[in-house]
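Heads up: the structure comes next, in structure tokens.
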Amino acid sequence: MKSVIELKNTSKRFGKVIALDGVSFSVPAGVVCAVLGSNGAGKSTAIRLLLGLEDPDSGSTEVLGMNSRTHALEIRQRVGYVADQPPLYDWMTVAEIGWFASGFYPTGYQQEYTRLIERFQLQPDQKIGGLSKGMKAKVALSLAMAHRPELLILDEPTSGLDPLVRREFLESMIDISAEGRTVLLSSHQVSEVERVADMVAILLNGHLVCLERLEDLKRTTQEVQLSLPDSAATPPSIPGSVLAHVAFGHDHIWMVRDLQAETLLQTCSELSLPTPIIRKPNLEDILLAMLREYRKDGHPHREQRQPESEPV
Amino acid sequence: MWGTDLQSVREIDTKSDLTMNPFAHLVWKEYRSQRALWMPLTIAAVGIALWSLRIGDSHPNLTVLNGMSLVFAVAFGVGAVTVAFVGEEDEGTAIWLRMFPLTTRHLLCGKLLVIIAGILSLLLLSLLANAVLFSFHRNGSLQAVFQTYANVRPKEWVDMLIGLPAFVLLALVASLTGRKAFRALGLGAAGMVLFATVCMNTQHGPQSLPVLLIQLVLLIAVVPLAGRWHRGLRSGSAKEKTGPVTRLLSAGKHFLQGREEKWIRRLQTAASRTPLSARTFQTLLWRELRFAVPFYRQAILAAVAVAACHVLFNREEFPWLTLFSALFVIECGLRTFRHDQQQLNGLFWSHRGVSPGAIWAVRMATWLGTLVCVIGTILLLEWLTMQAILLLKWLMMELFFADATVQQPSQFLLSLLTSTPRNLLDPSFPTLLSVMAVNGFVIAALMSAWNPKPLIAAFCALVAVPACWALTAYLTSYNIPLWLTIVPLTIIWLVAGFVTRRQWADRRISPGIAVQRFAWIGVPLLCMIPVQSFYRAHQIPDADQLLAAYAPDHSGTGSSEKRPLPGPEEWVALGYSKTNTTTDWANDWQQLSTLASVVSHQTSTPSLTLAMPLESSQSDIALACVDRILANDLSTHRLPPDLRIPWSNVRLAVGVTNILTGEAQRLFELDQKPEALQRCVQAIRLAVFLRQEATSWEQWLETVTYELFAGQVLQRMLFETQLTDDELQNLQTVLSETYRIPSSAPNIVDNRAAVYFQLLDRKGYLWDEHQRLEKRVQAGFFGWPLDLIQSSASERYRCRRLIELLSDYRIGGIMNPQIADLLIAWQQTTPGGAQLIWHEPAVNGGRNSHVERLFQAGLIQQNALRVLIALRRYQTLHGNFPASLFDLEDAGIPRNSRWQRNPFTESLLGYAPSGIGVPVPMLDDFGKITVLSPDQPILFSEGRLSPAARSYLRPDQEEKLKAAALPADPQRIWFLHGSTILGLGEDVGFWARNIDENMRNQPTSHPEADDNSDPFR
């Protein structure tokens, strides 16, 4: 299946700061892909590169099969984008800004926009400058979705929205992907993203540390907790790919992929160690473990896997 | 729910055409964005035109109005470009705009179309308003509206057409490349200053080749820059530093950055070793310096570019650099609090327990220090550039014109190094510069602290700072010192910044805060008005204070003549009464005045060759009036008040004298010579009377001038008329009676005070007359000093002080140039001051003033005429002239009489019955040169310009003078009063040049053959 989004060995730096360092990944059509990472990880830069707002220093980016650098105009016509804290014209009214934007998109934009602002319970004659942060976000979402884009790129779209609208909005992403359209979602609301995302890309300081179907990631990742008899005792080697390891005195926690649980239990038994607690972590646990590990080591683990199967 | 809704909407065909024209939407958006800028500027441009019509009753200057329109159009262009590009960048809306599927061409064209339309509409509206208002004001109709601009030369239109887009292009390039609005504005302004510099220093101005090339480059740069702007490409990307120039710049930057980091580390180390409070202070200081150092670097780099213009155009005096520093002043002030507007640093610091006061103090100190460094460096740079240019010129002279060397190299270099910076030559300049710089800084800092939006803060500062400076310049031109204008305002606004120091962190605005801010700005400005009025009213001291302050030999008392000026009760005695307008005396004067005005228009100078006597009927009426007037006792009668008004009675003496001397000439030609002489005496008598009644120095000068003229006519007729001894004796008696009118003191001081005090006090005859005229004429009346009449009470008080000072200040007494300068400065800003000080001896040379010289000449001529009549009597009795003036006893002048003496020096009048042996060039008061023969008998006054100074004449002129001299007439005596004889001091060169030209123009003609060479022949 042809990728909707594709980054090939893309790098971008601003002065001394490396925003993206040789990142490569692709997102197939019809999925909700969540891009996660700490602040300054390069999420927004990746989005700007995809939209052709920035040129990569090396590598290339493609959206809907078109190069972002050479076909920025076409890409923008078929993509909807909502930025974090969308900078709209304060002096326009809600209706005026929709009318203004409708000039740049095909037939039906105005009607769809009107319907969306009614759905968001926005007053058409209200000035943008007088709206709250959440209401501005609603206007921005309406503007981005009114032309029914093939790819919807959302950079922190739900910040400022009330919980009910946020929940409804995120769940609507599933419906959009069901129509065969793709959603690229950058958010810090990990627990909520987890409910809707099909794929997860984790960026840490410009490096892609994980790109995988969420289902696979969660299925293959396990958390191991082990309390050693004393803090001087040597912890056992963990059979599997350790994503992260945190020690609190004599308590140890590992985030492990492809854990061979039987082997671990046997090792603990041989070493007369207590039986470790093995559980399935949620996405937030995995992300936090990765972040902690990154901070400890200073560089990310390059544990990148391609999706094992096509998304639904 | 959401998904269901979305699915229910029909699919949108993304391949279909756009429903609306994106260009139209863009234009609409830009129009709405620019409207807020366009409207106030257009209203201001038209408002200024309207306001200028209100100022005074003079015609507005259309060129200035059009210049203002152009400035407003440029201001809109620059502002609109800033709002359209870098403003969107600054506000963040550019990010959203870029997300639209929109070509750069559409975007650029849409924005530029609105900007250009805005500029043109503003300019056209403003020019049209100027033309309409100007035409209406001048003609009272709109007929000439379309002809108003017909006189504008085509070159000026072309200059405007080239200059206007250039400014906008510069702003456009700066706006497309900048990320921050004010920085782009600053860069644009710097570019505009440079562009104006180039324009002013090239031969054809805006149409010269370098200027056109600059514009071409700018025009070519716009399209690629617009593309970059549309894509939002940022500078600083590693890939963009691959060019050779970029690498070079990058290397330089890294070098500086390395130094900076080292320096910062040291500061941090120092901070960590000190107690907490000091460390906080140092941390704050370090943080501000982080921002200040790069700014300083930028400022110096920009100043270097401007300084290069000195070298490029090879000129030492170049004020642009100083003006250029004004931008740094505003930028420095804005940077003081700009970081907080964007990053909420104020809250950051306040949460860490740092008081806003400490932050305020550190920031103000840092940025004020930076400003001082910047300005100092700019001035130093300018001085060094000037010296370099001088050195270059000197070297060029050495290399190519070795003969022209006037100084040794060592001397020259020493003089260069030790010379005062040329930009600081005027001692008041550094004070003014520093005060204005601090004021601009404080205002900009205040705007920055009070406005949460950087763009609004920058706009407010850009409006407020020049406005404050313009106000200061305006008030300074009215003699109000800096400590009453800009200094207290600066201090108050500095205090305002400190008092409202928490507001920059709070970033809130409420009605209370708004009122507080208006109060901080408005109340000091309003308070300035009464303070400045009080100062202006009391600025002019009395004469004693003035002399004590400036005259080194003044003891503090007595050098000035205190004279009680006439009060309301004395005005009537001086002739200002209603009854004095209805008597026969007054009617005769009115009639004579009317007829005199006809003559005076015909004869503007006292020359008989130009005299145009009245028609016989009119002449009879005028002479009858004169006879009736002179039948009254002139020592008790006063001139009717309508003729005493200084602004309506300037030429009365001219007309009256011309009527009488014209009549005398007519009678002389009819051989009625005694009657002719009688008319001359009448002319002298009336001139003396009018001098006594004069209310302005202009009137006074005319009376003396025409008294002298009538005396000269009398002198000529005296020696060309055969009169009996009795007739001559009678003439002597009449003349003595004429001069008996008390006229030795210039009563003008009293008369002038009486006139002005009536208007200043708003009571008395003249005030009533003004009120009456105002009701009758309504639209105003010619000549009255309306600026004085309509001025405020304080200004009228100031005028009164000036009159009192001028009256008390001894005429011809101590003459101090500083005092004269002060008096001139005060009169220039006093309503009615121009009329007051016109020919005023106190400021026009004291004893050397025209008034004083003419006054002396008049009094000397009074004695000399008596002596001349006596000499004529002696000649009639004995057939020749006496050997000495002491031999005139039988001719009516005793040996011990004062008449043969100069009343000012008490020395005898000069008397040479056989001439003085050298030709005497004589310049009368009307510029005509006559050369008397060396053998011509003359009577002369021993004055500072006496013949005794003939040795100062150049020897090589003697032969020329002899050739130009009139033939000697031994039967006639010429009287020459001191001021008409050539020969002393600095006058020699001037007069000699005039003689040269006179002779060059008439090299062959003999004076006898030339009627113009002698008016009496």
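In the structure tokens, chains take letters A, B, ... by order of appearance, with residues numbered from 1 within each chain and ligands from 1 in the order shown.
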
task = Write out as a ChimeraX atom specification every residue belonging to chain A that has an atom at most 6 Å from any atom of chain B, counting only C-alpha atoms.
result = /A:13-15,53,57,73,76-77,87-88,100,103-107,172,175

Print the selection's residues with N, CA and C atoms to a file, as a PDB file, in the first residue's frame.
ATOM      1  N   ARG A  13      18.367  21.193  11.047  1.00  0.00           N
ATOM      2  CA  ARG A  13      18.938  21.808  12.238  1.00  0.00           C
ATOM      3  C   ARG A  13      18.731  23.323  12.175  1.00  0.00           C
ATOM      4  N   PHE A  14      18.620  23.911  13.337  1.00  0.00           N
ATOM      5  CA  PHE A  14      18.511  25.362  13.466  1.00  0.00           C
ATOM      6  C   PHE A  14      19.705  25.838  14.281  1.00  0.00           C
ATOM      7  N   GLY A  15      20.667  26.379  13.580  1.00  0.00           N
ATOM      8  CA  GLY A  15      21.878  26.793  14.270  1.00  0.00           C
ATOM      9  C   GLY A  15      22.575  25.581  14.849  1.00  0.00           C
ATOM     10  N   LEU A  53       6.714  23.900   4.789  1.00  0.00           N
ATOM     11  CA  LEU A  53       6.986  25.193   5.417  1.00  0.00           C
ATOM     12  C   LEU A  53       8.474  25.358   5.715  1.00  0.00           C
ATOM     13  N   ASP A  57      17.438  19.896   5.571  1.00  0.00           N
ATOM     14  CA  ASP A  57      18.853  20.088   5.233  1.00  0.00           C
ATOM     15  C   ASP A  57      19.354  18.913   4.400  1.00  0.00           C
ATOM     16  N   LEU A  73       2.159  23.513  -2.732  1.00  0.00           N
ATOM     17  CA  LEU A  73       0.831  24.081  -2.977  1.00  0.00           C
ATOM     18  C   LEU A  73      -0.236  22.994  -3.075  1.00  0.00           C
ATOM     19  N   ARG A  76      -0.864  21.371   0.309  1.00  0.00           N
ATOM     20  CA  ARG A  76      -1.673  22.169   1.230  1.00  0.00           C
ATOM     21  C   ARG A  76      -3.150  22.157   0.842  1.00  0.00           C
ATOM     22  N   GLN A  77      -3.401  21.971  -0.466  1.00  0.00           N
ATOM     23  CA  GLN A  77      -4.793  21.952  -0.899  1.00  0.00           C
ATOM     24  C   GLN A  77      -5.492  20.678  -0.433  1.00  0.00           C
ATOM     25  N   PRO A  87      -2.633  30.680  15.301  1.00  0.00           N
ATOM     26  CA  PRO A  87      -2.591  32.139  15.202  1.00  0.00           C
ATOM     27  C   PRO A  87      -3.552  32.639  14.129  1.00  0.00           C
ATOM     28  N   LEU A  88      -4.757  32.944  14.539  1.00  0.00           N
ATOM     29  CA  LEU A  88      -5.765  33.437  13.588  1.00  0.00           C
ATOM     30  C   LEU A  88      -5.840  34.962  13.679  1.00  0.00           C
ATOM     31  N   PHE A 100     -13.201  33.898   4.381  1.00  0.00           N
ATOM     32  CA  PHE A 100     -11.868  34.196   3.862  1.00  0.00           C
ATOM     33  C   PHE A 100     -11.175  32.909   3.407  1.00  0.00           C
ATOM     34  N   GLY A 103     -12.122  30.899   0.021  1.00  0.00           N
ATOM     35  CA  GLY A 103     -11.622  31.317  -1.281  1.00  0.00           C
ATOM     36  C   GLY A 103     -10.496  30.459  -1.794  1.00  0.00           C
ATOM     37  N   PHE A 104      -9.899  29.693  -0.926  1.00  0.00           N
ATOM     38  CA  PHE A 104      -8.714  28.940  -1.334  1.00  0.00           C
ATOM     39  C   PHE A 104      -8.999  27.447  -1.508  1.00  0.00           C
ATOM     40  N   TYR A 105     -10.248  27.058  -1.317  1.00  0.00           N
ATOM     41  CA  TYR A 105     -10.572  25.631  -1.378  1.00  0.00           C
ATOM     42  C   TYR A 105     -11.762  25.386  -2.298  1.00  0.00           C
ATOM     43  N   PRO A 106     -11.968  24.138  -2.683  1.00  0.00           N
ATOM     44  CA  PRO A 106     -13.052  23.837  -3.633  1.00  0.00           C
ATOM     45  C   PRO A 106     -14.443  24.055  -3.047  1.00  0.00           C
ATOM     46  N   THR A 107     -15.401  23.805  -3.915  1.00  0.00           N
ATOM     47  CA  THR A 107     -16.812  24.011  -3.577  1.00  0.00           C
ATOM     48  C   THR A 107     -17.195  23.250  -2.304  1.00  0.00           C
ATOM     49  N   SER A 172     -13.549  10.926  16.811  1.00  0.00           N
ATOM     50  CA  SER A 172     -13.937  11.159  15.413  1.00  0.00           C
ATOM     51  C   SER A 172     -12.779  10.855  14.473  1.00  0.00           C
ATOM     52  N   ASP A 175     -13.211   7.584  12.873  1.00  0.00           N
ATOM     53  CA  ASP A 175     -14.147   7.606  11.740  1.00  0.00           C
ATOM     54  C   ASP A 175     -13.481   8.139  10.496  1.00  0.00           C
TER      55      ASP A 175
END

message = With DSSP run on the backbone, what are the alpha helix (DSSP H) residues within region 86-175 of chain A? I'd like them as a PyMOL selection string.
response = chain A and resi 94-102+109-119+133-145+163-175

request  = Show which residues sit within 9 Å of Asp285 (chain A), as number ranges by chain. Count only C-alpha atoms, and ignore same-chain residues fewer than 5 positions away.
outcome  = A: 223, 255, 290

key: Surrounding residues of region 271-284 of chain A excluding itself and chain neighbours under 3 positions, 7 Å, only C-alpha atoms, as a PyMOL selection string   = chain A and resi 190-191+194+218+221-228+265+267-268+287-288

message = Would you pick out the contacts of Leu152 (chain A) at 8 Å or less, using only C-alpha atoms, so that residues sharing its chain but fewer than 2 positions from it are not included, and give the list as number ranges by chain?
response = A: 79-81, 144-145, 149-150, 154, 181-184

So which bits of region 144-192 of chain A end up strand (DSSP E) when you DSSP the backbone, as a compact mmCIF listing (two decimals) with C-alpha atoms, in the first residue's frame?
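Written out: states07.txt:
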# COMPACT_ATOMS: atom_id res chain seq x y z
CA LEU A 151 -4.52 13.97 5.36
CA LEU A 152 -5.24 15.78 8.57
CA ILE A 153 -2.21 16.97 10.48
CA LEU A 154 -2.92 18.01 14.01
CA ASP A 155 -0.24 19.58 16.15
CA THR A 182 -5.07 9.59 7.29
CA VAL A 183 -4.57 11.50 10.51
CA LEU A 184 -1.19 12.54 11.83
CA LEU A 185 -1.61 13.51 15.40
CA SER A 186 0.95 15.14 17.64
